[in-house]
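Colleague: Sharing entry_23.txt below, compact mmCIF, C-alpha atoms and all ligand atoms:
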```txt
# COMPACT_ATOMS: atom_id res chain seq x y z
CA MET R 1 -97.97 33.69 15.13
CA ASN R 2 -95.46 36.53 15.24
CA ALA R 3 -91.94 36.12 13.80
CA GLU R 4 -90.37 35.43 17.19
CA ASP R 5 -92.83 32.60 17.90
CA VAL R 6 -92.35 31.14 14.41
CA LEU R 7 -88.55 31.13 14.88
CA THR R 8 -88.91 29.52 18.31
CA GLN R 9 -91.15 26.86 16.78
CA ILE R 10 -88.65 26.20 13.96
CA ALA R 11 -85.78 25.96 16.47
CA ALA R 12 -87.76 23.40 18.49
CA GLU R 13 -88.37 21.31 15.38
CA VAL R 14 -84.74 21.55 14.26
CA SER R 15 -83.48 20.42 17.68
CA VAL R 16 -85.24 17.05 17.28
CA CYS R 17 -85.08 16.79 13.48
CA THR R 18 -84.37 13.37 11.96
CA LYS R 19 -85.02 14.27 8.29
CA CYS R 20 -81.49 13.40 7.12
CA VAL R 21 -78.47 11.38 8.21
CA LEU R 22 -76.76 14.36 9.80
CA HIS R 23 -78.86 13.87 12.93
CA TYR R 24 -76.98 10.65 13.75
CA SER R 25 -73.67 12.39 14.31
CA ARG R 26 -74.73 15.80 15.62
CA LYS R 27 -74.26 16.83 19.22
CA HIS R 28 -76.44 19.93 18.91
CA ALA R 29 -78.51 21.09 16.00
CA VAL R 30 -77.90 24.76 15.19
CA PRO R 31 -81.11 26.47 14.09
CA GLY R 32 -79.64 29.97 13.94
CA GLU R 33 -80.09 33.07 16.07
CA GLY R 34 -80.67 36.78 15.95
CA ARG R 35 -83.40 39.37 15.70
CA PRO R 36 -86.79 38.20 14.42
CA ASP R 37 -87.06 41.58 12.65
CA ALA R 38 -83.48 41.64 11.33
CA GLU R 39 -82.95 43.68 8.17
CA ILE R 40 -79.99 41.51 7.20
CA MET R 41 -79.89 37.73 7.31
CA PHE R 42 -76.59 35.87 6.95
CA ILE R 43 -76.70 32.32 5.65
CA GLY R 44 -73.63 30.11 5.99
CA GLU R 45 -72.98 26.52 5.01
CA GLY R 46 -73.40 24.38 8.10
CA PRO R 47 -72.26 24.08 11.71
CA GLY R 48 -68.62 23.21 12.30
CA PHE R 49 -66.98 21.68 15.35
CA TYR R 50 -67.60 24.56 17.76
CA GLU R 51 -71.13 25.24 16.55
CA ASN R 52 -72.00 21.54 17.00
CA GLU R 53 -70.64 21.73 20.55
CA GLN R 54 -72.55 24.87 21.47
CA GLY R 55 -75.69 24.79 19.32
CA ARG R 56 -74.98 28.33 18.09
CA PRO R 57 -73.96 29.51 14.61
CA PHE R 58 -70.54 30.95 13.79
CA VAL R 59 -68.90 30.70 17.20
CA GLY R 60 -65.58 29.15 16.08
CA PRO R 61 -62.67 30.83 14.24
CA ALA R 62 -64.82 31.66 11.18
CA GLY R 63 -67.37 33.17 13.56
CA LYS R 64 -64.75 35.34 15.23
CA PHE R 65 -63.79 36.64 11.80
CA LEU R 66 -67.46 37.18 10.92
CA ASP R 67 -67.80 39.24 14.12
CA GLU R 68 -64.82 41.33 12.99
CA LEU R 69 -66.33 41.79 9.53
CA LEU R 70 -69.64 42.88 11.03
CA GLN R 71 -67.95 45.29 13.38
CA ARG R 72 -65.84 46.83 10.60
CA ALA R 73 -69.04 47.27 8.55
CA GLY R 74 -70.68 49.07 11.49
CA LEU R 75 -73.10 46.20 12.12
CA LYS R 76 -73.86 44.45 15.38
CA ARG R 77 -74.28 40.69 15.59
CA GLU R 78 -77.34 41.15 17.81
CA ASP R 79 -79.06 43.23 15.11
CA VAL R 80 -78.85 40.59 12.37
CA PHE R 81 -79.98 36.98 12.00
CA ILE R 82 -77.40 34.24 11.34
CA THR R 83 -78.14 30.74 10.17
CA ASN R 84 -76.94 28.02 7.77
CA VAL R 85 -78.31 26.02 4.86
CA VAL R 86 -77.93 22.84 6.89
CA LYS R 87 -78.61 22.97 10.61
CA CYS R 88 -76.53 19.96 11.68
CA ARG R 89 -72.78 19.48 11.31
CA PRO R 90 -71.65 17.41 8.35
CA PRO R 91 -69.15 14.91 9.84
CA GLY R 92 -65.56 16.14 9.57
CA ASN R 93 -66.94 19.36 8.03
CA ARG R 94 -67.49 17.63 4.69
CA ASP R 95 -69.69 19.38 2.12
CA PRO R 96 -73.44 19.11 2.71
CA GLN R 97 -74.94 16.57 0.30
CA PRO R 98 -77.83 17.43 -2.05
CA GLU R 99 -80.33 15.33 -0.09
CA GLU R 100 -79.29 17.03 3.16
CA LEU R 101 -79.75 20.47 1.59
CA VAL R 102 -83.19 19.47 0.35
CA ALA R 103 -84.22 17.97 3.71
CA CYS R 104 -83.22 21.14 5.58
CA ASP R 105 -84.50 23.71 3.07
CA ASP R 106 -88.00 24.02 4.54
CA TYR R 107 -86.56 25.32 7.84
CA LEU R 108 -84.58 28.00 6.00
CA GLU R 109 -87.56 28.95 3.85
CA ARG R 110 -89.74 29.37 6.93
CA GLN R 111 -87.03 31.42 8.66
CA LEU R 112 -86.82 33.65 5.59
CA GLN R 113 -90.57 34.08 5.47
CA ALA R 114 -90.80 34.89 9.19
CA ILE R 115 -87.93 37.41 9.19
CA ASN R 116 -88.47 38.78 5.69
CA PRO R 117 -85.06 40.52 5.71
CA ARG R 118 -84.25 43.40 3.39
CA ILE R 119 -80.93 41.78 2.47
CA ILE R 120 -79.77 38.16 2.41
CA VAL R 121 -76.01 37.75 2.65
CA THR R 122 -74.86 34.34 1.51
CA LEU R 123 -71.59 33.10 2.98
CA GLY R 124 -69.91 30.63 0.68
CA ARG R 125 -71.03 28.68 -2.35
CA PHE R 126 -73.71 26.42 -0.84
CA SER R 127 -75.93 29.24 0.37
CA MET R 128 -75.19 31.28 -2.79
CA ALA R 129 -76.34 28.31 -4.89
CA LYS R 130 -79.77 28.39 -3.25
CA PHE R 131 -80.45 31.83 -4.74
CA LEU R 132 -78.00 32.00 -7.65
CA PRO R 133 -77.53 28.42 -8.85
CA ASN R 134 -75.51 29.36 -11.93
CA ALA R 135 -73.35 32.11 -10.48
CA ARG R 136 -69.63 31.93 -9.80
CA ILE R 137 -68.59 33.45 -6.51
CA SER R 138 -65.51 35.01 -8.13
CA ASP R 139 -67.87 36.94 -10.48
CA VAL R 140 -70.56 38.06 -8.05
CA HIS R 141 -68.99 38.42 -4.59
CA GLY R 142 -69.82 41.70 -2.92
CA LYS R 143 -72.51 42.62 -5.45
CA ALA R 144 -76.16 43.25 -4.58
CA LEU R 145 -78.41 41.26 -6.90
CA TRP R 146 -82.21 41.20 -7.01
CA VAL R 147 -83.51 37.61 -7.12
CA ASN R 148 -87.28 37.01 -6.98
CA GLY R 149 -87.84 40.29 -5.17
CA ARG R 150 -85.05 39.72 -2.65
CA LEU R 151 -81.72 41.52 -2.50
CA ILE R 152 -78.97 38.90 -2.37
CA VAL R 153 -75.36 39.77 -1.56
CA PRO R 154 -73.04 36.79 -2.09
CA MET R 155 -69.86 36.84 -0.02
CA TYR R 156 -66.88 34.56 0.20
CA HIS R 157 -67.15 32.35 3.27
CA PRO R 158 -65.19 33.85 6.20
CA ALA R 159 -63.44 30.47 6.65
CA ALA R 160 -62.20 30.68 3.05
CA ALA R 161 -60.59 34.01 3.86
CA LEU R 162 -58.94 32.46 6.93
CA HIS R 163 -57.49 29.70 4.77
CA GLN R 164 -56.51 31.97 1.86
CA PRO R 165 -55.12 35.20 3.28
CA SER R 166 -55.26 36.79 -0.19
CA LEU R 167 -59.08 36.80 0.12
CA LYS R 168 -59.13 38.62 3.44
CA ALA R 169 -58.95 42.17 2.06
CA THR R 170 -61.60 41.29 -0.55
CA VAL R 171 -64.03 40.03 2.08
CA ILE R 172 -63.42 43.08 4.27
CA GLU R 173 -64.08 45.38 1.31
CA ASP R 174 -67.20 43.43 0.28
CA PHE R 175 -68.64 43.65 3.80
CA SER R 176 -67.95 47.38 3.91
CA ARG R 177 -70.55 47.80 1.15
CA LEU R 178 -73.37 46.43 3.30
CA PRO R 179 -74.46 49.73 4.93
CA ALA R 180 -74.89 51.31 1.48
CA TYR R 181 -76.83 48.27 0.25
CA LEU R 182 -79.05 48.46 3.30
CA GLU R 183 -79.77 52.11 2.57
CA MET R 184 -80.58 51.15 -1.02
CA ALA R 185 -82.88 48.35 0.13
CA ARG R 186 -84.67 50.66 2.57
CA GLN R 187 -85.39 53.07 -0.30
CA GLY R 188 -86.97 50.11 -2.17
N1 LIG D 1 -69.26 27.78 9.03
C1 LIG D 1 -70.54 27.88 8.62
O1 LIG D 1 -70.84 27.87 7.43
N2 LIG D 1 -71.47 28.02 9.54
C2 LIG D 1 -71.23 28.06 10.86
O2 LIG D 1 -72.16 28.19 11.64
C3 LIG D 1 -69.88 27.96 11.25
C4 LIG D 1 -68.91 27.82 10.33
```
Taking this structure as input, can you express it in the form of structure tokens?
Modeller:
Amino acid sequence: MNAEDVLTQIAAEVSVCTKCVLHYSRKHAVPGEGRPDAEIMFIGEGPGFYENEQGRPFVGPAGKFLDELLQRAGLKREDVFITNVVKCRPPGNRDPQPEELVACDDYLERQLQAINPRIIVTLGRFSMAKFLPNARISDVHGKALWVNGRLIVPMYHPAAALHQPSLKATVIEDFSRLPAYLEMARQG
């Protein structure tokens, strides 16, 4: 199967998934979207209110800011792939629980394998913890770190920057490094 077919298959499975309790309260599962051959994959935390309504990732206020960050970095949303560590909304936007992260991880792993991006950008601490379990976001944000042959760039979550205006300039600056990291990753 090619990457597009694999992603379509995963999305179909996610839409009817009952592997954890989050399926009871979801309106729409949010598998993720973007190019099957994306060079950059963004991984957030989990769908919020608007994503749950629409079945699409990062379409609420944090998504609008992500769009701005991408645009400022010279990237287009349609050229990347965007997903989350959990594909269904945690009620009231609470943190995803360990068993929910475990239940959903296979979908993310298969998405990663199908897309095989040059760079993985983690948005927030839950997706960072998948690749860098012992890191502190305040130490590593905006850096490009090789982990098991993959280039990981941890970023503050766009929603955090919306809630703490002092982070906004930091996130903008961190995103502005992505084109250079991409060039570095293309060189191997
Ligand atoms: N926050 C996330 O982490 N993911 C989304 O899809 C939306 C908001």
Colleague: Could you give me, as a list in words, the residues within 10 Å of Ile82 in chain R, counting all atoms listed in the file and dropping anything in the same chain fewer than 6 positions from it?
Modeller: Pro31, Gly32, Glu33, Gly34, Arg35, Ala38, Ile40, Met41, Phe42, Ile43, Gly44, Arg56, Pro57, Phe58 and Val121 of chain R
Colleague: For the selection you just gave me, I'd like the residues written to a file as an mmCIF file, in the coordinates of the input, keeping C-alpha atoms.
Modeller:
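Wrote part-v3.cif, looks like this:
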```
data_model
loop_
_atom_site.group_PDB
_atom_site.id
_atom_site.type_symbol
_atom_site.label_atom_id
_atom_site.label_comp_id
_atom_site.auth_asym_id
_atom_site.auth_seq_id
_atom_site.Cartn_x
_atom_site.Cartn_y
_atom_site.Cartn_z
ATOM 1 C CA PRO R 31 -81.110 26.470 14.090
ATOM 2 C CA GLY R 32 -79.640 29.970 13.940
ATOM 3 C CA GLU R 33 -80.090 33.070 16.070
ATOM 4 C CA GLY R 34 -80.670 36.780 15.950
ATOM 5 C CA ARG R 35 -83.400 39.370 15.700
ATOM 6 C CA ALA R 38 -83.480 41.640 11.330
ATOM 7 C CA ILE R 40 -79.990 41.510 7.200
ATOM 8 C CA MET R 41 -79.890 37.730 7.310
ATOM 9 C CA PHE R 42 -76.590 35.870 6.950
ATOM 10 C CA ILE R 43 -76.700 32.320 5.650
ATOM 11 C CA GLY R 44 -73.630 30.110 5.990
ATOM 12 C CA ARG R 56 -74.980 28.330 18.090
ATOM 13 C CA PRO R 57 -73.960 29.510 14.610
ATOM 14 C CA PHE R 58 -70.540 30.950 13.790
ATOM 15 C CA VAL R 121 -76.010 37.750 2.650
#
```
Colleague: One decimal, in Å: what's the spacing between CA of Leu69 in chain R and CA of Glu45 in chain R?
Modeller: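 Pair CA of Leu69 in chain R / CA of Glu45 in chain R returns 17.3 Å.
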Colleague: Residues within 6 Å of range 131-145 of chain R, please, as a PyMOL selection string. Count all atoms listed in the file; anything in the same chain fewer than 2 positions from it doesn't count.
Modeller: chain R and resi 128-129+151-155+174
Colleague: Hey, which residues sit close to ligand LIG 1 (chain D)? Say within 10 Å, counting all atoms listed in the file, and write them as a CSV table (one decimal) with C-alpha atoms, keeping the file's coordinate frame.
Modeller:
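out24.csv, freshly written:
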```csv
chain,number,residue,atom,x,y,z
R,30,VAL,CA,-77.9,24.8,15.2
R,31,PRO,CA,-81.1,26.5,14.1
R,32,GLY,CA,-79.6,30.0,13.9
R,42,PHE,CA,-76.6,35.9,7.0
R,43,ILE,CA,-76.7,32.3,5.6
R,44,GLY,CA,-73.6,30.1,6.0
R,45,GLU,CA,-73.0,26.5,5.0
R,46,GLY,CA,-73.4,24.4,8.1
R,47,PRO,CA,-72.3,24.1,11.7
R,48,GLY,CA,-68.6,23.2,12.3
R,49,PHE,CA,-67.0,21.7,15.4
R,50,TYR,CA,-67.6,24.6,17.8
R,51,GLU,CA,-71.1,25.2,16.6
R,52,ASN,CA,-72.0,21.5,17.0
R,55,GLY,CA,-75.7,24.8,19.3
R,56,ARG,CA,-75.0,28.3,18.1
R,57,PRO,CA,-74.0,29.5,14.6
R,58,PHE,CA,-70.5,31.0,13.8
R,59,VAL,CA,-68.9,30.7,17.2
R,60,GLY,CA,-65.6,29.2,16.1
R,61,PRO,CA,-62.7,30.8,14.2
R,62,ALA,CA,-64.8,31.7,11.2
R,63,GLY,CA,-67.4,33.2,13.6
R,64,LYS,CA,-64.8,35.3,15.2
R,66,LEU,CA,-67.5,37.2,10.9
R,82,ILE,CA,-77.4,34.2,11.3
R,83,THR,CA,-78.1,30.7,10.2
R,84,ASN,CA,-76.9,28.0,7.8
R,85,VAL,CA,-78.3,26.0,4.9
R,86,VAL,CA,-77.9,22.8,6.9
R,87,LYS,CA,-78.6,23.0,10.6
R,88,CYS,CA,-76.5,20.0,11.7
R,89,ARG,CA,-72.8,19.5,11.3
R,93,ASN,CA,-66.9,19.4,8.0
R,122,THR,CA,-74.9,34.3,1.5
R,123,LEU,CA,-71.6,33.1,3.0
R,124,GLY,CA,-69.9,30.6,0.7
R,125,ARG,CA,-71.0,28.7,-2.4
R,126,PHE,CA,-73.7,26.4,-0.8
R,127,SER,CA,-75.9,29.2,0.4
R,157,HIS,CA,-67.2,32.4,3.3
R,158,PRO,CA,-65.2,33.8,6.2
R,159,ALA,CA,-63.4,30.5,6.6
R,160,ALA,CA,-62.2,30.7,3.0
```
Colleague: Have a look at CA of His163 in chain R and CA of Asp95 in chain R and let me know their distance in Å, one decimal.
Modeller: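 We find that CA of His163 in chain R and CA of Asp95 in chain R lie 16.2 Å from each other.
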Colleague: Just give me the gap between CA of Arg186 in chain R and CA of Asn116 in chain R in Å, one decimal is fine.
Modeller: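 Rounded to one decimal, the two atoms are 12.9 Å apart.
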Colleague: Near Thr8 in chain R, within 12 Å and counting all atoms listed in the file, which residues show up once chain neighbours fewer than 3 positions away are dropped, as a PDB file with C-alpha atoms, keeping the file's coordinate frame?
Modeller:
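This went into around-v4.pdb:
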```pdb
ATOM      1  CA  MET R   1     -97.970  33.690  15.130  1.00  0.00           C
ATOM      2  CA  ASN R   2     -95.460  36.530  15.240  1.00  0.00           C
ATOM      3  CA  ALA R   3     -91.940  36.120  13.800  1.00  0.00           C
ATOM      4  CA  GLU R   4     -90.370  35.430  17.190  1.00  0.00           C
ATOM      5  CA  ASP R   5     -92.830  32.600  17.900  1.00  0.00           C
ATOM      6  CA  ALA R  11     -85.780  25.960  16.470  1.00  0.00           C
ATOM      7  CA  ALA R  12     -87.760  23.400  18.490  1.00  0.00           C
ATOM      8  CA  GLU R  13     -88.370  21.310  15.380  1.00  0.00           C
ATOM      9  CA  VAL R  14     -84.740  21.550  14.260  1.00  0.00           C
ATOM     10  CA  SER R  15     -83.480  20.420  17.680  1.00  0.00           C
ATOM     11  CA  PRO R  31     -81.110  26.470  14.090  1.00  0.00           C
ATOM     12  CA  GLY R  32     -79.640  29.970  13.940  1.00  0.00           C
ATOM     13  CA  GLU R  33     -80.090  33.070  16.070  1.00  0.00           C
ATOM     14  CA  GLY R  34     -80.670  36.780  15.950  1.00  0.00           C
ATOM     15  CA  ARG R  35     -83.400  39.370  15.700  1.00  0.00           C
ATOM     16  CA  PRO R  36     -86.790  38.200  14.420  1.00  0.00           C
ATOM     17  CA  TYR R 107     -86.560  25.320   7.840  1.00  0.00           C
ATOM     18  CA  ARG R 110     -89.740  29.370   6.930  1.00  0.00           C
ATOM     19  CA  GLN R 111     -87.030  31.420   8.660  1.00  0.00           C
ATOM     20  CA  ALA R 114     -90.800  34.890   9.190  1.00  0.00           C
TER      21      ALA R 114
END
```
Colleague: Return the single residue from R:Pro91, R:Glu39, R:Glu109, R:Pro96 that is closest to Arg77 in chain R, with distances computed using all atoms listed in the file.
Modeller: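 Ranking R:Pro91, R:Glu39, R:Glu109, R:Pro96 by distance to Arg77 in chain R, first place goes to R:Glu39.
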Colleague: From (-68.1, 47.7, 9.2), in the file's coordinates, out to 9 Å: which residues are reached, counting all atoms listed in the file? Answer as a PyMOL selection string.
Modeller: chain R and resi 68-75+172+175-179
Colleague: Find, counting all atoms listed in the file, the residue in R:Asp37, R:Val16, R:Ser25, R:Val171 that gets nearest to Glu78 in chain R.
Modeller: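 Looking only at the distances to Glu78 in chain R, the closest residue turns out to be R:Asp37.
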Colleague: I'd like to know which of R:Ala185, R:Pro90, R:Phe65, R:Asp105 is closest to Tyr24 in chain R, using only C-alpha atoms.
Modeller: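 Of all the options, R:Pro90 lies closest to Tyr24 in chain R.
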Colleague: Given the choices R:Leu167, R:Ile120, R:Gly149, R:Cys104, which gets closest to Thr18 in chain R if the distance is worked out from only C-alpha atoms?
Modeller: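 Closest residue, counting only C-alpha atoms: R:Cys104.
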Colleague: Which residue out of R:Ser166, R:Pro117, R:Met184, R:Val21 has the minimum interatomic distance to Asp79 in chain R when all atoms listed in the file are used?
Modeller: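 Counting all atoms listed in the file, the residue closest to Asp79 in chain R is R:Pro117.
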Colleague: I need the residue nearest Pro98 in chain R from this list: R:Arg118, R:Cys20, R:His28, R:Trp146. Use only C-alpha atoms for the distance.
Modeller: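 Under the stated criterion, the closest residue is R:Cys20.
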